[in-house]
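Peer 1: Just passing along the structure, written as structure tokens.
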Amino acid sequence: MAEPVQHYDVISMGRIGVDLYPPRSGTPSPQVGGFDGLLGGSAANVAVAAARLGRSTAVITRTGADPFGTYLHQTLTASGVDDRWVTASESTTDTLDYFAVRAARILWITGTGLSAEPTRSATLAALKARGRTGTTVFDLDWRPACWGSPEEARPYYAEAVRHATVAVGDLDACEIATGVREPRACAQALLAAGVELALVKRPGGVLAVHRDGTAAEIPPVAVDVTDEVADAPDAGDAFGGALCHGLLSGWEAERLARYAHAAGTLMASRSADSTGMPTAAEIEDLLAQTPQPSTTA
């Protein structure tokens with residue numbers, strides 16, 4: 001008898017790796033004698049962030065058959081993420097669990113997953129198998145080093161947008177996907193291409209525009225930054241996990257964008273790695289402490 005299909009809140013598909021960082025405090029960089037290895041990769045981090053908010057998550061990705069791969073498995077499972085589709089082999093169309101992909105309440109894919117084979121074909125196959133069942137989030141995730149040129153990327157971005165119901169990205173990524181850069185024009189172009197909700201990240205804030213005509217411009221959220229924070233590599237992934245949580249909760253565009261933006265801002269303020277993604281209580285506390293008006297239209 002075949003095993004029943006597992007219904008996850010979120011299945012993410014894309015990169016995983018071990019990010020190397022110098023010590024967060026203490027020794028100046030020129031004198032660093034070692035590095036800290038931490039879970040990396042946007043798809044993996046989004047799954048961790050959503051799990052932190054109480055959602056059932058899994059990630060489709062591949063590792064090396066080495067101690068780094070073992071570490072990643074251990075970190076994912078310790079963070080509440082199902083690692084059944086994290087294997088030490090290439091991700092191909094033949095290895096995808098299409099039933100689970102279609103059954104997930106949210107499928108999360110990234111622009112980087114489209115940048116090379118075999119992940120490009122696997123990502124597009126997952127999108128086609130899913131159709132427009134449930135919510136499909138396309139994290140535009142533009143990384144120039146992964147592509148030969150913007151022109152190379154655009155047709156693949158266009159194909160992915162056609163299958164997505166939600167698109168999210170900063171201005172650089174939105175320009176790749178739409179050919180325009182002004183935030184509201186980016187959002188309208190994404191809606192015209194077929195998505196139901198477009199979230200455009202801008203310096204310090206986010207614009208959310210829904211197909212039903214509602215829109216919200218969320219300004220910066222005030223938060224203290226510790227002296228030890230050197231960068232915020234996981235802030236966008238905290239945003240993504242919180243976005244998934246809000247989508248699953250059925251929130252309107254303004255509340256959804258405000259919550260996700262607060263999660264990203266909170267992650268940017270701390271020196272924790274991806275396993276320290278903010279909890280729901282932490283996000284709500286931040287929003288309660290620093291209420292911010294939004295502009296709706």
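Ligands are numbered from 1 in the order shown, chains are lettered A, B, ... in the order of the structure tokens, and residues start at 1 in each chain.
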Enumerate, as a PyMOL selection string, the complete set of residues in segment 87-294 of chain A that a backbone-based DSSP assignment places in strand (DSSP E or B).
Peer 2: chain A and resi 87+106-110+135-139+166-170+197-202+205-210+215-218
Peer 1: Find the spatial neighbours of Ala65 of chain A, counting only C-alpha atoms, within a cut-off of 10 Å - ignore same-chain residues fewer than 3 positions away - and output them as a list in words.
Peer 2: Arg62, Phe68, Gly69, Thr70, Thr87, Ala88 and Ser89 of chain A
Peer 1: Got time to write the residues from that selection, C-alpha atoms, as a tab-separated table (two decimals), in the first residue's frame?
Peer 2:
```tsv
chain	number	residue	atom	x	y	z
A	62	ARG	CA	20.55	18.54	-2.02
A	68	PHE	CA	28.76	19.48	6.03
A	69	GLY	CA	25.75	17.55	4.73
A	70	THR	CA	25.41	15.73	8.05
A	87	THR	CA	19.59	14.01	-0.12
A	88	ALA	CA	23.15	13.78	-1.34
A	89	SER	CA	22.38	13.74	-5.05
```
Peer 1: Write out as a PyMOL selection string which residues come within 12 Å of Arg184 of chain A when counting only C-alpha atoms, dropping same-chain ones fewer than 6 positions away.
Peer 2: chain A and resi 171+174-175+178+190-191+198-202+206-210+215-217+297
Peer 1: With a distance cut-off of 10 Å and only C-alpha atoms, select the neighbouring residues of Gly179 of chain A, excluding the residue or stretch itself and same-chain residues fewer than 4 positions from it, and output the selection as a PyMOL selection string.
Peer 2: chain A and resi 150+154+172-175+185-186+189
Peer 1: Neighbours of Ala192 of chain A within 9 Å (only C-alpha atoms; same-chain residues fewer than 4 positions away dropped), as a list in words?
Peer 2: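 Once the adjacent positions are removed, what remains is Ala187, Gln188 and Arg211 of chain A.
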Peer 1: Taking 5 positions as the minimum chain separation for residues in the same chain, which residues sit within 12 Å of Arg132 of chain A when counting only C-alpha atoms? Answer as JSON, numbers by chain.
Peer 2: {"A": [101, 102, 103, 104, 105, 106, 107, 126, 127, 137, 160, 161, 162, 163, 164, 165, 166, 194, 195, 196]}
Peer 1: Using N, CA and C atoms, can you write the selected residues to a file as a PDB file, in the first residue's frame?
Peer 2:
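Written output follows (again_9.pdb):
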```pdb
ATOM      1  N   VAL A 101       4.313  17.998  -3.440  1.00  0.00           N
ATOM      2  CA  VAL A 101       4.444  19.372  -3.946  1.00  0.00           C
ATOM      3  C   VAL A 101       3.058  19.968  -4.198  1.00  0.00           C
ATOM      4  N   ARG A 102       2.183  19.179  -4.783  1.00  0.00           N
ATOM      5  CA  ARG A 102       0.846  19.680  -5.086  1.00  0.00           C
ATOM      6  C   ARG A 102      -0.006  19.828  -3.822  1.00  0.00           C
ATOM      7  N   ALA A 103       0.227  18.983  -2.835  1.00  0.00           N
ATOM      8  CA  ALA A 103      -0.594  18.989  -1.621  1.00  0.00           C
ATOM      9  C   ALA A 103      -0.209  20.084  -0.636  1.00  0.00           C
ATOM     10  N   ALA A 104       1.014  20.605  -0.727  1.00  0.00           N
ATOM     11  CA  ALA A 104       1.469  21.613   0.236  1.00  0.00           C
ATOM     12  C   ALA A 104       0.593  22.863   0.168  1.00  0.00           C
ATOM     13  N   ARG A 105       0.326  23.457   1.304  1.00  0.00           N
ATOM     14  CA  ARG A 105      -0.474  24.682   1.320  1.00  0.00           C
ATOM     15  C   ARG A 105       0.294  25.827   0.665  1.00  0.00           C
ATOM     16  N   ILE A 106       1.617  25.846   0.868  1.00  0.00           N
ATOM     17  CA  ILE A 106       2.478  26.830   0.203  1.00  0.00           C
ATOM     18  C   ILE A 106       3.671  26.114  -0.395  1.00  0.00           C
ATOM     19  N   LEU A 107       3.972  26.430  -1.647  1.00  0.00           N
ATOM     20  CA  LEU A 107       5.244  26.037  -2.253  1.00  0.00           C
ATOM     21  C   LEU A 107       6.063  27.307  -2.422  1.00  0.00           C
ATOM     22  N   ALA A 126       8.243  21.341 -10.894  1.00  0.00           N
ATOM     23  CA  ALA A 126       7.420  21.433  -9.682  1.00  0.00           C
ATOM     24  C   ALA A 126       6.311  22.456  -9.862  1.00  0.00           C
ATOM     25  N   LEU A 127       6.626  23.591 -10.481  1.00  0.00           N
ATOM     26  CA  LEU A 127       5.623  24.621 -10.709  1.00  0.00           C
ATOM     27  C   LEU A 127       4.517  24.119 -11.632  1.00  0.00           C
ATOM     28  N   VAL A 137       4.684  30.825  -3.797  1.00  0.00           N
ATOM     29  CA  VAL A 137       5.449  32.052  -3.594  1.00  0.00           C
ATOM     30  C   VAL A 137       6.730  31.984  -4.408  1.00  0.00           C
ATOM     31  N   ALA A 160       8.342  31.488 -14.323  1.00  0.00           N
ATOM     32  CA  ALA A 160       8.021  31.211 -12.921  1.00  0.00           C
ATOM     33  C   ALA A 160       6.910  32.125 -12.421  1.00  0.00           C
ATOM     34  N   VAL A 161       6.956  33.398 -12.790  1.00  0.00           N
ATOM     35  CA  VAL A 161       5.912  34.332 -12.372  1.00  0.00           C
ATOM     36  C   VAL A 161       4.543  33.866 -12.876  1.00  0.00           C
ATOM     37  N   ARG A 162       4.515  33.285 -14.048  1.00  0.00           N
ATOM     38  CA  ARG A 162       3.256  32.822 -14.637  1.00  0.00           C
ATOM     39  C   ARG A 162       2.571  31.773 -13.767  1.00  0.00           C
ATOM     40  N   HIS A 163       3.355  31.014 -12.995  1.00  0.00           N
ATOM     41  CA  HIS A 163       2.807  29.956 -12.146  1.00  0.00           C
ATOM     42  C   HIS A 163       2.600  30.409 -10.697  1.00  0.00           C
ATOM     43  N   ALA A 164       3.153  31.557 -10.330  1.00  0.00           N
ATOM     44  CA  ALA A 164       3.133  31.999  -8.936  1.00  0.00           C
ATOM     45  C   ALA A 164       1.849  32.737  -8.603  1.00  0.00           C
ATOM     46  N   THR A 165       1.465  32.671  -7.334  1.00  0.00           N
ATOM     47  CA  THR A 165       0.348  33.480  -6.849  1.00  0.00           C
ATOM     48  C   THR A 165       0.838  34.652  -6.007  1.00  0.00           C
ATOM     49  N   VAL A 166       2.064  34.562  -5.493  1.00  0.00           N
ATOM     50  CA  VAL A 166       2.675  35.630  -4.703  1.00  0.00           C
ATOM     51  C   VAL A 166       4.101  35.818  -5.192  1.00  0.00           C
ATOM     52  N   GLY A 194       0.218  37.851 -13.591  1.00  0.00           N
ATOM     53  CA  GLY A 194      -0.586  36.746 -13.079  1.00  0.00           C
ATOM     54  C   GLY A 194      -0.598  36.525 -11.579  1.00  0.00           C
ATOM     55  N   VAL A 195       0.307  37.179 -10.811  1.00  0.00           N
ATOM     56  CA  VAL A 195       0.293  36.937  -9.377  1.00  0.00           C
ATOM     57  C   VAL A 195      -0.894  37.650  -8.734  1.00  0.00           C
ATOM     58  N   GLU A 196      -1.279  37.195  -7.564  1.00  0.00           N
ATOM     59  CA  GLU A 196      -2.385  37.807  -6.833  1.00  0.00           C
ATOM     60  C   GLU A 196      -1.905  38.836  -5.821  1.00  0.00           C
TER      61      GLU A 196
END
```
Peer 1: For each of A:Gly111, A:Gly37, A:Pro219, A:Gly80, take the minimum atom-to-atom distance to Ser56 of chain A, counting only C-alpha atoms, then give the residue where this is smallest.
Peer 2: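 Using only C-alpha atoms, the shortest distance to Ser56 of chain A belongs to A:Gly80.
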Peer 1: Need the shell around Gly14 of chain A: protein/DNA/RNA residues with any atom at most 8 Å away, counting only C-alpha atoms. Skip same-chain ones fewer than 2 positions apart. Format as a list in words?
Peer 2: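 My list of contacting residues is Ser12, Ile16, Gly41, Ser42, Ala43, Ala44, Val59, Ile60, Thr61, Ile109, Thr110, Thr112, Gly113 and Thr119 of chain A.
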Peer 1: Could those residues be written to a file, using C-alpha atoms, as an mmCIF file, in the first residue's frame?
Peer 2:
```
data_model
loop_
_atom_site.group_PDB
_atom_site.id
_atom_site.type_symbol
_atom_site.label_atom_id
_atom_site.label_comp_id
_atom_site.auth_asym_id
_atom_site.auth_seq_id
_atom_site.Cartn_x
_atom_site.Cartn_y
_atom_site.Cartn_z
ATOM 1 C CA SER A 12 10.460 25.252 0.086
ATOM 2 C CA ILE A 16 21.167 24.940 1.204
ATOM 3 C CA GLY A 41 20.551 28.983 1.787
ATOM 4 C CA SER A 42 17.352 30.985 1.446
ATOM 5 C CA ALA A 43 14.979 28.058 0.894
ATOM 6 C CA ALA A 44 16.300 26.223 3.942
ATOM 7 C CA VAL A 59 12.622 21.539 2.146
ATOM 8 C CA ILE A 60 13.546 20.008 -1.199
ATOM 9 C CA THR A 61 17.268 20.412 -1.725
ATOM 10 C CA ILE A 109 10.663 28.685 -4.912
ATOM 11 C CA THR A 110 13.509 31.106 -5.646
ATOM 12 C CA THR A 112 18.413 31.313 -7.786
ATOM 13 C CA GLY A 113 16.869 27.884 -8.267
ATOM 14 C CA THR A 119 17.666 22.720 -10.442
#
```
Peer 1: What separation in Å, quoted to one decimal, exists between atom CA of Gly40 of chain A and atom CA of Glu159 of chain A?
Peer 2: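 According to the coordinates, atom CA of Gly40 of chain A and atom CA of Glu159 of chain A are separated by 26.3 Å.
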